[in-house]
$ cat structure00.txt   # compact mmCIF, C-alpha atoms
# COMPACT_ATOMS: atom_id res chain seq x y z
CA MET A 1 -43.83 -167.92 81.72
CA GLY A 2 -47.01 -167.45 83.73
CA THR A 3 -47.61 -164.45 85.96
CA ARG A 4 -48.09 -164.46 89.70
CA GLY A 5 -51.80 -163.96 89.02
CA ASP A 6 -51.85 -167.11 86.85
CA GLU A 7 -50.31 -169.09 89.69
CA LYS A 8 -52.84 -167.67 92.17
CA ARG A 9 -55.79 -168.62 89.95
CA GLN A 10 -54.43 -172.14 89.49
CA THR A 11 -54.00 -172.58 93.26
CA ASP A 12 -57.56 -171.33 93.86
CA THR A 13 -59.09 -173.77 91.36
CA GLY A 14 -56.66 -176.66 91.65
CA VAL A 15 -55.56 -178.93 88.82
CA ARG A 16 -56.64 -182.15 87.12
CA VAL A 17 -53.84 -184.73 86.93
CA THR A 18 -53.54 -188.02 85.05
CA LEU A 19 -51.15 -190.57 86.56
CA ASP A 20 -49.62 -193.84 85.38
CA ILE A 21 -48.74 -195.91 88.47
CA TRP A 22 -47.02 -199.13 89.48
CA HIS A 23 -46.42 -200.16 93.08
CA PRO A 24 -45.39 -203.42 94.77
CA ASP A 25 -47.67 -206.06 96.30
CA CYS A 26 -50.76 -204.88 94.40
CA TRP A 27 -53.20 -207.59 93.37
CA THR A 28 -54.81 -205.48 90.62
CA LEU A 29 -51.46 -205.03 88.89
CA GLU A 30 -50.50 -208.69 89.22
CA VAL A 31 -53.76 -210.10 87.87
CA THR A 32 -54.01 -207.66 84.95
CA GLU A 33 -50.41 -208.40 83.99
CA GLU A 34 -50.92 -212.17 83.94
CA THR A 35 -54.30 -212.15 82.16
CA ASP A 36 -55.81 -210.30 79.18
CA GLY A 37 -58.53 -208.65 81.25
CA GLY A 38 -58.77 -205.23 82.85
CA LEU A 39 -60.43 -203.58 85.84
CA LEU A 40 -62.23 -200.36 86.63
CA GLY A 41 -62.12 -199.34 90.30
CA HIS A 42 -65.21 -197.57 91.63
CA GLY A 43 -64.22 -196.88 95.22
CA VAL A 44 -62.90 -198.48 98.40
CA HIS A 45 -64.39 -198.75 101.89
CA THR A 46 -61.97 -199.50 104.75
CA ILE A 47 -62.58 -200.87 108.25
CA ASP A 48 -59.69 -201.79 110.58
CA GLY A 49 -57.21 -202.08 107.73
CA GLN A 50 -59.47 -204.32 105.64
CA ALA A 51 -60.43 -202.83 102.28
CA THR A 52 -63.60 -203.68 100.39
CA GLY A 53 -63.50 -202.39 96.82
CA ARG A 54 -66.05 -202.45 94.00
CA PHE A 55 -64.74 -203.13 90.49
CA THR A 56 -65.83 -203.82 86.95
CA ALA A 57 -63.91 -206.73 85.40
CA TYR A 58 -63.81 -206.54 81.60
CA GLY A 59 -62.34 -208.32 78.60
CA GLU A 60 -62.85 -209.29 74.97
CA SER A 61 -64.87 -212.36 75.96
CA GLN A 62 -66.56 -213.99 78.93
CA GLY A 63 -63.67 -216.45 79.03
CA VAL A 64 -61.17 -213.62 79.53
CA VAL A 65 -63.29 -212.22 82.37
CA ASP A 66 -63.57 -215.70 83.90
CA ASP A 67 -59.77 -216.04 83.82
CA LEU A 68 -59.35 -212.60 85.40
CA ILE A 69 -61.76 -213.34 88.26
CA ALA A 70 -60.13 -216.74 88.83
CA ALA A 71 -56.74 -215.00 89.09
CA ILE A 72 -58.16 -212.51 91.60
CA ASP A 73 -59.62 -215.34 93.69
CA ALA A 74 -56.30 -217.25 93.63
CA SER A 75 -54.13 -214.22 94.45
CA ARG A 76 -52.14 -214.33 97.68
CA LEU A 77 -53.00 -210.62 98.05
CA THR A 78 -56.81 -210.96 98.16
CA ASP A 79 -59.06 -212.37 100.87
CA SER A 80 -62.29 -212.85 98.92
CA VAL A 81 -64.07 -211.95 95.70
CA TRP A 82 -67.74 -212.14 94.77
CA GLU A 83 -69.87 -211.03 91.86
CA THR A 84 -72.47 -208.27 92.19
CA ASP A 85 -74.17 -208.16 88.78
CA ALA A 86 -73.69 -209.22 85.19
CA HIS A 87 -72.41 -205.97 83.72
CA GLY A 88 -70.54 -203.97 86.34
CA GLY A 89 -70.97 -200.38 87.40
CA THR A 90 -70.01 -198.41 84.26
CA PRO A 91 -69.66 -200.77 81.29
CA ASP A 92 -69.44 -197.84 78.85
CA LEU A 93 -65.98 -197.03 80.27
CA ALA A 94 -64.68 -200.56 79.85
CA GLU A 95 -63.03 -201.96 76.74
CA GLY A 96 -64.10 -205.33 75.37
CA ASN A 97 -67.30 -207.27 74.87
CA ALA A 98 -67.77 -208.68 78.38
CA THR A 99 -68.06 -207.00 81.76
CA ARG A 100 -68.90 -208.19 85.26
CA GLY A 101 -69.30 -206.37 88.57
CA ILE A 102 -67.25 -207.72 91.47
CA VAL A 103 -66.39 -206.87 95.08
CA VAL A 104 -62.94 -207.74 96.43
CA GLU A 105 -61.61 -207.76 100.00
CA TYR A 106 -57.91 -207.18 100.59
CA ASP A 107 -55.37 -205.55 102.93
CA ILE A 108 -55.45 -201.75 102.52
CA GLU A 109 -51.69 -201.64 103.19
CA ASN A 110 -51.17 -203.14 99.73
CA SER A 111 -53.18 -200.36 98.07
CA ILE A 112 -51.93 -196.93 96.99
CA ASN A 113 -55.39 -195.42 97.47
CA ASP A 114 -54.91 -194.01 100.97
CA ALA A 115 -51.43 -192.67 100.17
CA LEU A 116 -52.93 -190.60 97.35
CA VAL A 117 -56.23 -189.56 98.93
CA SER A 118 -54.61 -188.53 102.22
CA ARG A 119 -52.41 -186.12 100.26
CA GLY A 120 -55.35 -184.49 98.51
CA PHE A 121 -55.53 -186.53 95.28
CA ILE A 122 -59.26 -187.05 94.78
CA PRO A 123 -60.32 -189.52 92.04
CA ASP A 124 -62.27 -187.78 89.28
CA GLU A 125 -62.94 -190.95 87.24
CA PRO A 126 -62.92 -194.70 87.90
CA VAL A 127 -59.36 -195.97 88.27
CA ARG A 128 -58.29 -198.03 85.25
CA MET A 129 -56.06 -201.09 85.70
CA TYR A 130 -54.67 -203.05 82.75
CA ASP A 131 -51.37 -204.55 81.56
CA GLY A 132 -49.93 -204.35 85.07
CA ARG A 133 -50.43 -200.58 85.56
CA GLU A 134 -52.97 -198.31 87.27
CA TYR A 135 -54.23 -195.14 85.56
CA TRP A 136 -55.68 -192.45 87.83
CA THR A 137 -57.37 -189.16 86.94
CA VAL A 138 -57.49 -186.99 90.05
CA LEU A 139 -58.36 -183.47 91.17
CA VAL A 140 -55.92 -181.65 93.47
CA HIS A 141 -56.48 -178.28 95.13
CA GLU A 142 -52.80 -177.32 94.80
CA ASP A 143 -50.41 -175.82 92.27
CA ARG A 144 -48.20 -177.85 89.95
CA GLY A 145 -45.12 -177.64 92.17
CA THR A 146 -46.94 -178.93 95.24
CA VAL A 147 -48.46 -181.76 93.18
CA HIS A 148 -44.98 -183.00 92.27
CA GLU A 149 -43.78 -182.69 95.88
CA ARG A 150 -46.69 -184.76 97.18
CA LEU A 151 -46.27 -187.39 94.48
CA GLU A 152 -42.64 -187.74 95.52
CA GLU A 153 -43.86 -188.43 99.07
CA VAL A 154 -46.13 -191.19 97.70
CA ARG A 155 -43.24 -192.69 95.70
CA GLU A 156 -41.08 -192.87 98.81
CA ALA A 157 -43.85 -194.14 101.09
CA LYS A 158 -45.06 -196.90 98.76
CA GLY A 159 -41.97 -197.72 96.67
CA ALA A 160 -44.05 -196.65 93.68
CA ASP A 161 -43.26 -195.77 90.09
CA ILE A 162 -45.50 -192.79 89.24
CA ASN A 163 -45.50 -190.99 85.89
CA VAL A 164 -47.34 -187.69 85.55
CA GLU A 165 -48.96 -187.87 82.12
CA LEU A 166 -50.89 -184.59 82.03
CA ILE A 167 -51.76 -181.65 84.28
CA THR A 168 -54.62 -179.38 83.20
CA ALA A 169 -57.11 -176.98 84.69
CA PRO A 170 -60.04 -178.96 86.19
CA SER A 171 -62.50 -177.87 83.51
CA SER A 172 -60.19 -178.33 80.52
CA GLY A 173 -59.85 -182.12 80.49
CA THR A 174 -58.46 -183.06 77.09
CA GLY A 175 -60.04 -180.18 75.22
CA ILE A 176 -58.59 -177.84 72.62
CA PHE A 177 -55.66 -175.64 73.69
CA ASN A 178 -54.22 -172.48 72.09
CA THR A 179 -50.81 -173.63 70.81
CA ASP A 180 -49.60 -170.22 69.58
CA ASP A 181 -46.95 -169.95 72.30
CA LEU A 182 -45.36 -173.31 71.52
CA SER A 183 -42.17 -173.77 69.53
CA GLU A 184 -42.60 -175.44 66.15
CA ARG A 185 -41.27 -178.74 67.53
CA GLN A 186 -43.41 -178.59 70.68
CA ARG A 187 -46.51 -177.90 68.60
CA GLU A 188 -45.67 -180.79 66.27
CA VAL A 189 -45.23 -183.24 69.14
CA PHE A 190 -48.28 -182.05 71.09
CA GLU A 191 -50.62 -182.06 68.08
CA LEU A 192 -49.37 -185.52 67.04
CA ALA A 193 -50.08 -186.80 70.56
CA GLN A 194 -53.58 -185.31 70.46
CA SER A 195 -54.41 -186.65 66.99
CA HIS A 196 -53.23 -190.16 67.86
CA GLY A 197 -55.29 -190.39 71.06
CA TYR A 198 -52.43 -190.04 73.56
CA TYR A 199 -54.69 -188.00 75.86
CA THR A 200 -57.77 -190.21 75.57
CA TRP A 201 -58.84 -192.87 78.05
CA PRO A 202 -58.04 -195.62 77.47
CA ARG A 203 -54.95 -194.30 75.72
CA GLU A 204 -54.87 -195.16 72.01
CA THR A 205 -51.11 -194.81 71.56
CA SER A 206 -47.96 -194.80 73.68
CA ALA A 207 -45.12 -192.34 74.11
CA GLY A 208 -42.83 -194.96 72.60
CA ASP A 209 -44.97 -195.25 69.46
CA LEU A 210 -45.08 -191.46 69.06
CA ALA A 211 -41.31 -191.23 69.51
CA THR A 212 -40.79 -193.90 66.85
CA GLU A 213 -43.01 -192.01 64.39
CA LEU A 214 -40.98 -188.82 64.97
CA ASP A 215 -37.65 -190.70 64.99
CA ILE A 216 -36.67 -189.35 68.41
CA SER A 217 -36.11 -190.99 71.78
CA LYS A 218 -38.99 -191.53 74.18
CA ALA A 219 -37.25 -189.30 76.75
CA THR A 220 -36.98 -186.47 74.20
CA LEU A 221 -40.64 -186.80 73.24
CA LEU A 222 -41.77 -186.70 76.87
CA GLU A 223 -39.62 -183.62 77.48
CA HIS A 224 -41.22 -181.83 74.51
CA LEU A 225 -44.67 -182.75 75.85
CA ARG A 226 -43.77 -181.59 79.37
CA LYS A 227 -42.63 -178.19 78.12
CA ALA A 228 -45.65 -177.85 75.83
CA GLU A 229 -48.05 -178.69 78.67
CA ALA A 230 -46.34 -176.19 80.99
CA LYS A 231 -46.76 -173.41 78.39
CA LEU A 232 -50.36 -174.34 77.67
CA LEU A 233 -51.12 -174.12 81.38
CA GLY A 234 -49.42 -170.71 81.65
CA GLN A 235 -46.56 -171.92 83.87
$ encode --input "structure00.txt" --output "structure tokens"
Amino acid sequence: MGTRGDEKRQTDTGVRVTLDIWHPDCWTLEVTEETDGGLLGHGVHTIDGQATGRFTAYGESQGVVDDLIAAIDASRLTDSVWETDAHGGTPDLAEGNATRGIVVEYDIENSINDALVSRGFIPDEPVRMYDGREYWTVLVHEDRGTVHERLEEVREAKGADINVELITAPSSGTGIFNTDDLSERQREVFELAQSHGYYTWPRETSAGDLATELDISKATLLEHLRKAEAKLLGQ
């Protein structure tokens, strides 16, 4: 268990949190669920409730990207979409062989952005959207307990499903941790997750796949990871 000094240092520096999110009436989730393409979100500007967001649309081919943009244009939840350039803002972060920069206008009420940012969750990377989910990496100047309290507020306010995938010190990212304090099972699960790319972006494996490999339930695997992460963070 961490000391009071550990908690104080964590509060002073904040934490880096990775989140897996679903929420209702979100056009990014609907279009990435119904097509094979994905999106990177690079920021949102809001005036009088109208959001204008810049995105990179990506896919395995130009045809996939065409289908994705057509789905965005046809969505009942968007007002307009237009292309900005041929490759998008950060093509190196996107999977696939084709990328395209786009700008989309939509109602900010259908976004989870303000609910997170207003509670101190500051995006540290472009937001990734694929397979009907959003993946956020954020910085928060709070301790772990307050992070969970504020996420519960977001869940209630937006009717959202939010999974906390990892909490680390801001500078640690997905680097190497000292696993000496872990139980044998916790170390086994954590090191398997690391070696299979569970903590990479985009994620290279799922909790379900890891659980199948270890012949345990997904809930048990996630509990082992949660306890391992808490020990590694000195909590």
$ closest_atom_pairs --input "structure00.txt" --of "region 89-166 of chain A" --to "region 44-48 of chain A" --cutoff "10 Å" --atoms "all atoms listed in the file" --output "Markdown table"
| residue | atom | partner | partner_atom | distance |
| --- | --- | --- | --- | --- |
| A:Val103 | CA | A:Val44 | CA | 9.7 |
| A:Val104 | CA | A:Val44 | CA | 9.5 |
| A:Glu105 | CA | A:Val44 | CA | 9.5 |
| A:Tyr106 | CA | A:Thr46 | CA | 9.6 |
| A:Asp107 | CA | A:Thr46 | CA | 9.1 |
| A:Ile108 | CA | A:Thr46 | CA | 7.2 |
| A:Ser111 | CA | A:Val44 | CA | 9.9 |
| A:Asn113 | CA | A:Val44 | CA | 8.2 |
| A:Asp114 | CA | A:Val44 | CA | 9.5 |
$ residues_around --input "structure00.txt" --residues "region 180-191 of chain A" --least-positions-apart "3" --cutoff "9 Å" --atoms "all atoms listed in the file" --output "ChimeraX atom specification"
/A:194-196,210-211,214,221,224-225,227-229,231-232
$ atom_distance --input "structure00.txt" --atom1 "CA of Gly37 (chain A)" --atom2 "CA of Ser61 (chain A)"
9.1 Å
$ atom_distance --input "structure00.txt" --atom1 "CA of Leu116 (chain A)" --atom2 "CA of Ala230 (chain A)"
22.8 Å
$ closest_residue --input "structure00.txt" --among "A:Gln62, A:Asn163, A:Ser75, A:Thr168" --to "Tyr135 (chain A)" --atoms "all atoms listed in the file"
A:Asn163
